[in-house]
Amino acid sequence: MAYRKAYNNILETIGDTPLVRLNKICQHIPATIYAKVEYFNPGHSTKDRMALQMIEDAEREGKLKPGGTVIECTSGNTGMGLALACIVKGYKLICTLSDKQSKEKMDILRAMGAEVYVCPTNVAPDHPDSYYSVASRLNKEIPNSYYPYQYDNLSNRKAHYLTTGPEIWEQTEGKITHFVVGVGTGGTVSGVAKFLKEKNPNIKIWGADTYGSVFKKYHETGIFDEKEIYSYITEGIGEDILPKNVDFGLIDHFEKVTDKDGAVYTRELARKEGLLLGYSAGSAYAVIEQMRHELKPEDFVVVLFNDHGSRYIGKVFNDDWMRDRGFLNERNKTALDLVNRHNGTPLVTVGSEELMSAAIAKLKKFDISQIPVVSGNKFVGAIDERQIFKSMTDGRDVGNMRVSELMSAPFPMVDSDEDLRKVMKLVDKEVSAVLVKIDEDKHHIITRHDLIAALH
Ligand SMILES: Cc1ncc(COP(=O)(O)O)c(C=O)c1O
């Protein structure tokens with residue numbers, strides 16, 4: 001077995017990421033599909049490659065000098081890659097981010113010693129507060145500073161031409177027929193596409209775009225349509241500008257993916273493939289789903305997943321965040337969903353002719369507040385701790401009373417497929433629980449407490 005060698009610094013570990021087959025998520029697609037999993041880079045994204053390339057090219061060209069400050073506008077991942085390069089090479093780093101980026105991305109940059117400026121998302125690129133303008137202003141103000149500007153800096157796509165493209169070609173032994181990736185600055189798609197098409201011009205290049213971005217329309221019509229631009233939720237892909245790194249001639253097709261589909265597939269990739277990935281990975285995978293009619297059994301698809309899901313735990317992997325945006329395909333919960341939470345524990349009942357002391361003993365033993373009363377195989381009443389308490393304060397000898405003397409009306413009965421919202425309406429100040437009919441002689445109970453726990 002050949003183990004990895006020892007490295008001189010963290011920058012040497014950039015690249016040579018694994019190609020991992022997708023198995024379950026794409027079972028219905030008649031093609032071989034592999035993922036280039038870029039979170040194996042030390043900064044957990046593909047951007048480490050281009051960040052290092054931009055810094056080293058700038059050093060060679062004399063644009064970045066010892067003791068200098070690097071200033072970049074970034075959706076977070078380029079900032080992380082730059083942070084690694086700046087730490088090892090001894091530069092200061094300032095990043096401007098738009099406020100739609102996840103808090104995790106900002107905190108990670110701060111953890112790596114970068115200074116972070118958070119700028120509004122909903123402003124035009126030439127607005128003085130945009131993250132492009134703030135970076136450019138800081139670059140003018142701060143002496144000995146260098147602004148790589150990843151959008152137009154062609155070292156970006158060069159990094160992928162020199163590393164990512166050759167890796168994919170080697171790892172697929174030249175069998176690749178389709179390359180799929182999200183497009184932001186365009187560095188990844190253009191660099192990889194150039195290398196692959198030089199090897200085999202028939203390889204198809206598909207770019208994932210977002211609704212709210214200019215790429216697809218520009219690619220298909222040559223028109224930069226400002227009406228296409230609106231703010232969207234997906235992070236890392238789609239643009240409101242035309243970066244020089246996007247080589248439109250190398251891209252065969254742009255496919256737009258909704259914010260919802262990108263998020264839903266990101267979650268599916270985690271659960272079905274064990275790949276905890278960033279939001280744009282779901283968008284890139286969605287392109288394969290949307291284009292699957294174009295794929296044949298002999299096709300060999302490589303989809304590149306840009307970054308790691310840890311940066312999106314508070315977003316796509318958070319149910320509340322997904323629900324707030326209408327991204328969760330939740331069926332309404334039913335009574336049975338709640339009964340299933342009782343984990344097989346049987347329904348506790350008390351007979352109407354038993355003494356109340358027996359009912360009280362059961363309330364204590366099972367730590368419950370109410371208990372259905374049965375006579376034969378019928379529910380004839382209910383005992384609730386509030387009734388017991390009231391009778392005690394009235395001075396009655398509760399323990400020696402018959403259950404039938406103290407019980408109130410039986411709890412309402414619902415079918416197991418009843419919508420939980422309807423079940424809630426049956427529970428009020430007087431009625432503390434509902435009985436659920438599972439089959440003819442099997443019942444269970446949903447209490448006020450269960451409803452609060454389930455719906456909170
Ligand atoms: C998470 C994520 N996905 C995709 C991209 C797009 O890659 P590229 O800029 O090379 O087009 C980026 C770039 O910022 C990104 O951060």
# chains A, B, ... in the order shown; residues from 1 in each chain; ligands from 1

call {"tool": "residues_near_ligand", "arguments": {"ligand": "ligand 1", "cutoff": "7 Å", "atoms": "only C-alpha atoms and all ligand atoms", "output": "PyMOL selection string"}}
result
chain A and resi 47+74-78+182-189+235-237+278-281+306-307

call {"tool": "write_last_selection", "arguments": {"atoms": "N, CA and C atoms", "output": "compact mmCIF listing (two decimals), in the first residue's frame"}}
result
# COMPACT_ATOMS: atom_id res chain seq x y z
N LYS A 47 -11.65 25.92 -4.19
CA LYS A 47 -11.05 27.25 -4.35
C LYS A 47 -9.61 27.33 -3.86
N THR A 74 -15.28 37.67 -1.94
CA THR A 74 -15.39 36.21 -1.99
C THR A 74 -16.69 35.74 -1.37
N SER A 75 -17.21 34.62 -1.89
CA SER A 75 -18.38 34.05 -1.23
C SER A 75 -17.94 33.17 -0.06
N GLY A 76 -16.65 33.22 0.26
CA GLY A 76 -16.17 32.53 1.46
C GLY A 76 -15.09 31.51 1.17
N ASN A 77 -15.30 30.71 0.13
CA ASN A 77 -14.34 29.63 -0.12
C ASN A 77 -13.02 30.14 -0.67
N THR A 78 -13.07 31.10 -1.58
CA THR A 78 -11.82 31.68 -2.09
C THR A 78 -11.06 32.32 -0.93
N GLY A 182 -21.15 23.63 -11.09
CA GLY A 182 -21.76 24.94 -10.90
C GLY A 182 -20.80 26.03 -11.39
N VAL A 183 -21.39 27.12 -11.90
CA VAL A 183 -20.56 28.19 -12.46
C VAL A 183 -20.76 29.48 -11.67
N GLY A 184 -19.66 29.97 -11.10
CA GLY A 184 -19.69 31.24 -10.39
C GLY A 184 -18.74 32.19 -11.08
N THR A 185 -17.48 32.20 -10.65
CA THR A 185 -16.48 32.98 -11.39
C THR A 185 -16.21 32.34 -12.75
N GLY A 186 -16.51 31.05 -12.87
CA GLY A 186 -16.26 30.32 -14.12
C GLY A 186 -14.90 29.67 -14.18
N GLY A 187 -14.09 29.87 -13.16
CA GLY A 187 -12.73 29.31 -13.18
C GLY A 187 -12.73 27.79 -13.28
N THR A 188 -13.56 27.14 -12.47
CA THR A 188 -13.55 25.68 -12.47
C THR A 188 -14.00 25.13 -13.81
N VAL A 189 -15.17 25.60 -14.26
CA VAL A 189 -15.72 25.03 -15.50
C VAL A 189 -14.78 25.29 -16.67
N GLU A 235 -25.80 29.52 -2.91
CA GLU A 235 -24.51 30.20 -2.69
C GLU A 235 -23.42 29.67 -3.61
N GLY A 236 -22.65 30.59 -4.17
CA GLY A 236 -21.43 30.19 -4.90
C GLY A 236 -21.58 30.15 -6.40
N ILE A 237 -22.82 30.02 -6.91
CA ILE A 237 -22.97 29.94 -8.37
C ILE A 237 -23.97 30.98 -8.88
N GLY A 278 -21.63 21.21 0.14
CA GLY A 278 -22.21 22.55 0.11
C GLY A 278 -23.39 22.64 -0.86
N TYR A 279 -24.08 23.77 -0.78
CA TYR A 279 -25.33 24.01 -1.52
C TYR A 279 -25.14 23.83 -3.03
N SER A 280 -24.03 24.34 -3.57
CA SER A 280 -23.88 24.30 -5.04
C SER A 280 -23.71 22.86 -5.54
N ALA A 281 -23.36 21.94 -4.65
CA ALA A 281 -23.25 20.53 -5.05
C ALA A 281 -24.62 19.99 -5.41
N ASN A 306 -18.09 21.35 -5.12
CA ASN A 306 -17.11 22.38 -4.75
C ASN A 306 -16.66 22.40 -3.30
N ASP A 307 -17.63 22.23 -2.38
CA ASP A 307 -17.19 22.45 -0.99
C ASP A 307 -17.94 21.57 0.00

call {"tool": "select_by_dssp", "arguments": {"residues": "range 86-226 of chain A", "states": "alpha helix (DSSP H)", "output": "PyMOL selection string"}}
result
chain A and resi 86-89+103-111+131-141+155-159+165-171+187-199+215-221

call {"tool": "residues_around", "arguments": {"residues": "range 414-430 of chain A", "least_positions_apart": "3", "cutoff": "8 Å", "atoms": "only C-alpha atoms", "output": "ChimeraX atom specification"}}
result
/A:332-336,433-438,448,451

call {"tool": "residues_around", "arguments": {"residues": "Ser155 in chain A", "least_positions_apart": "2", "cutoff": "9 Å", "atoms": "only C-alpha atoms", "output": "PDB file with N, CA, C and O atoms, in the first residue's frame"}}
result
ATOM      1  N   MET A  50      -7.231  27.585  -6.964  1.00  0.00           N
ATOM      2  CA  MET A  50      -7.070  28.851  -7.681  1.00  0.00           C
ATOM      3  C   MET A  50      -6.513  29.948  -6.795  1.00  0.00           C
ATOM      4  O   MET A  50      -5.795  30.837  -7.260  1.00  0.00           O
ATOM      5  N   ALA A  51      -6.822  29.883  -5.484  1.00  0.00           N
ATOM      6  CA  ALA A  51      -6.298  30.904  -4.560  1.00  0.00           C
ATOM      7  C   ALA A  51      -4.765  30.852  -4.570  1.00  0.00           C
ATOM      8  O   ALA A  51      -4.090  31.882  -4.692  1.00  0.00           O
ATOM      9  N   GLN A  53      -2.872  29.584  -6.890  1.00  0.00           N
ATOM     10  CA  GLN A  53      -2.385  29.978  -8.217  1.00  0.00           C
ATOM     11  C   GLN A  53      -2.364  31.505  -8.355  1.00  0.00           C
ATOM     12  O   GLN A  53      -1.394  32.087  -8.864  1.00  0.00           O
ATOM     13  N   MET A  54      -3.414  32.169  -7.893  1.00  0.00           N
ATOM     14  CA  MET A  54      -3.482  33.645  -8.008  1.00  0.00           C
ATOM     15  C   MET A  54      -2.364  34.297  -7.209  1.00  0.00           C
ATOM     16  O   MET A  54      -1.723  35.242  -7.672  1.00  0.00           O
ATOM     17  N   ILE A  55      -2.114  33.758  -6.010  1.00  0.00           N
ATOM     18  CA  ILE A  55      -1.064  34.342  -5.157  1.00  0.00           C
ATOM     19  C   ILE A  55       0.306  34.095  -5.801  1.00  0.00           C
ATOM     20  O   ILE A  55       1.129  35.026  -5.903  1.00  0.00           O
ATOM     21  N   ASP A  57       1.100  33.441  -8.930  1.00  0.00           N
ATOM     22  CA  ASP A  57       1.262  34.205 -10.173  1.00  0.00           C
ATOM     23  C   ASP A  57       1.534  35.668  -9.858  1.00  0.00           C
ATOM     24  O   ASP A  57       2.371  36.317 -10.504  1.00  0.00           O
ATOM     25  N   GLN A 150     -10.950  37.542  -8.265  1.00  0.00           N
ATOM     26  CA  GLN A 150     -11.074  36.182  -8.798  1.00  0.00           C
ATOM     27  C   GLN A 150     -11.932  36.078 -10.056  1.00  0.00           C
ATOM     28  O   GLN A 150     -11.800  35.127 -10.826  1.00  0.00           O
ATOM     29  N   ASP A 152     -12.070  38.099 -12.786  1.00  0.00           N
ATOM     30  CA  ASP A 152     -11.385  38.360 -14.063  1.00  0.00           C
ATOM     31  C   ASP A 152      -9.931  37.885 -14.061  1.00  0.00           C
ATOM     32  O   ASP A 152      -9.253  37.978 -15.078  1.00  0.00           O
ATOM     33  N   ASN A 153      -9.461  37.393 -12.938  1.00  0.00           N
ATOM     34  CA  ASN A 153      -8.066  36.955 -12.825  1.00  0.00           C
ATOM     35  C   ASN A 153      -7.937  35.556 -13.457  1.00  0.00           C
ATOM     36  O   ASN A 153      -8.453  34.566 -12.919  1.00  0.00           O
ATOM     37  N   ARG A 157      -8.820  30.200 -13.722  1.00  0.00           N
ATOM     38  CA  ARG A 157      -9.105  29.043 -14.566  1.00  0.00           C
ATOM     39  C   ARG A 157      -7.843  28.255 -14.908  1.00  0.00           C
ATOM     40  O   ARG A 157      -7.892  27.041 -15.118  1.00  0.00           O
ATOM     41  N   LYS A 158      -6.713  28.962 -14.883  1.00  0.00           N
ATOM     42  CA  LYS A 158      -5.438  28.277 -15.145  1.00  0.00           C
ATOM     43  C   LYS A 158      -5.195  27.162 -14.108  1.00  0.00           C
ATOM     44  O   LYS A 158      -4.716  26.071 -14.444  1.00  0.00           O
ATOM     45  N   ALA A 159      -5.547  27.454 -12.844  1.00  0.00           N
ATOM     46  CA  ALA A 159      -5.334  26.453 -11.779  1.00  0.00           C
ATOM     47  C   ALA A 159      -6.071  25.161 -12.120  1.00  0.00           C
ATOM     48  O   ALA A 159      -5.548  24.060 -11.923  1.00  0.00           O
ATOM     49  N   HIS A 160      -7.281  25.302 -12.641  1.00  0.00           N
ATOM     50  CA  HIS A 160      -8.081  24.107 -12.950  1.00  0.00           C
ATOM     51  C   HIS A 160      -7.613  23.434 -14.237  1.00  0.00           C
ATOM     52  O   HIS A 160      -7.736  22.220 -14.391  1.00  0.00           O
ATOM     53  N   GLY A 187     -14.085  29.865 -13.165  1.00  0.00           N
ATOM     54  CA  GLY A 187     -12.735  29.309 -13.179  1.00  0.00           C
ATOM     55  C   GLY A 187     -12.728  27.795 -13.283  1.00  0.00           C
ATOM     56  O   GLY A 187     -12.004  27.218 -14.110  1.00  0.00           O
ATOM     57  N   ASN A 245     -13.369  34.900 -16.421  1.00  0.00           N
ATOM     58  CA  ASN A 245     -13.014  33.484 -16.305  1.00  0.00           C
ATOM     59  C   ASN A 245     -14.011  32.541 -16.968  1.00  0.00           C
ATOM     60  O   ASN A 245     -13.697  31.380 -17.202  1.00  0.00           O
TER      61      ASN A 245
END

call {"tool": "residues_around", "arguments": {"residues": "Lys260 in chain A", "least_positions_apart": "2", "cutoff": "9 Å", "atoms": "only C-alpha atoms", "output": "list of chain:residue names"}}
result
A:Ile233, A:Thr234, A:Val257, A:Thr258, A:Gly262, A:Ala263, A:Val264, A:Tyr265, A:Met322, A:Arg325, A:Gly326, A:Phe327, A:Leu328

call {"tool": "residues_around", "arguments": {"residues": "Leu97 in chain A", "least_positions_apart": "5", "cutoff": "8 Å", "atoms": "only C-alpha atoms", "output": "list in words"}}
result
Cys73, Thr74, Ser75, Gly76, Met106, Val116, Tyr117, Val118, Cys119 and Tyr131 of chain A

call {"tool": "closest_residue", "arguments": {"among": "A:His443, A:Arg271, A:Arg21, A:Lys175", "to": "Lys36 in chain A", "atoms": "only C-alpha atoms"}}
result
A:Arg21

call {"tool": "closest_residue", "arguments": {"among": "A:Gly191, A:Val373, A:Leu295, A:Gly274", "to": "Asn23 in chain A", "atoms": "only C-alpha atoms"}}
result
A:Gly274

call {"tool": "atom_distance", "arguments": {"atom1": "CA of Leu19 in chain A", "atom2": "CA of Leu82 in chain A"}}
result
24.4 Å
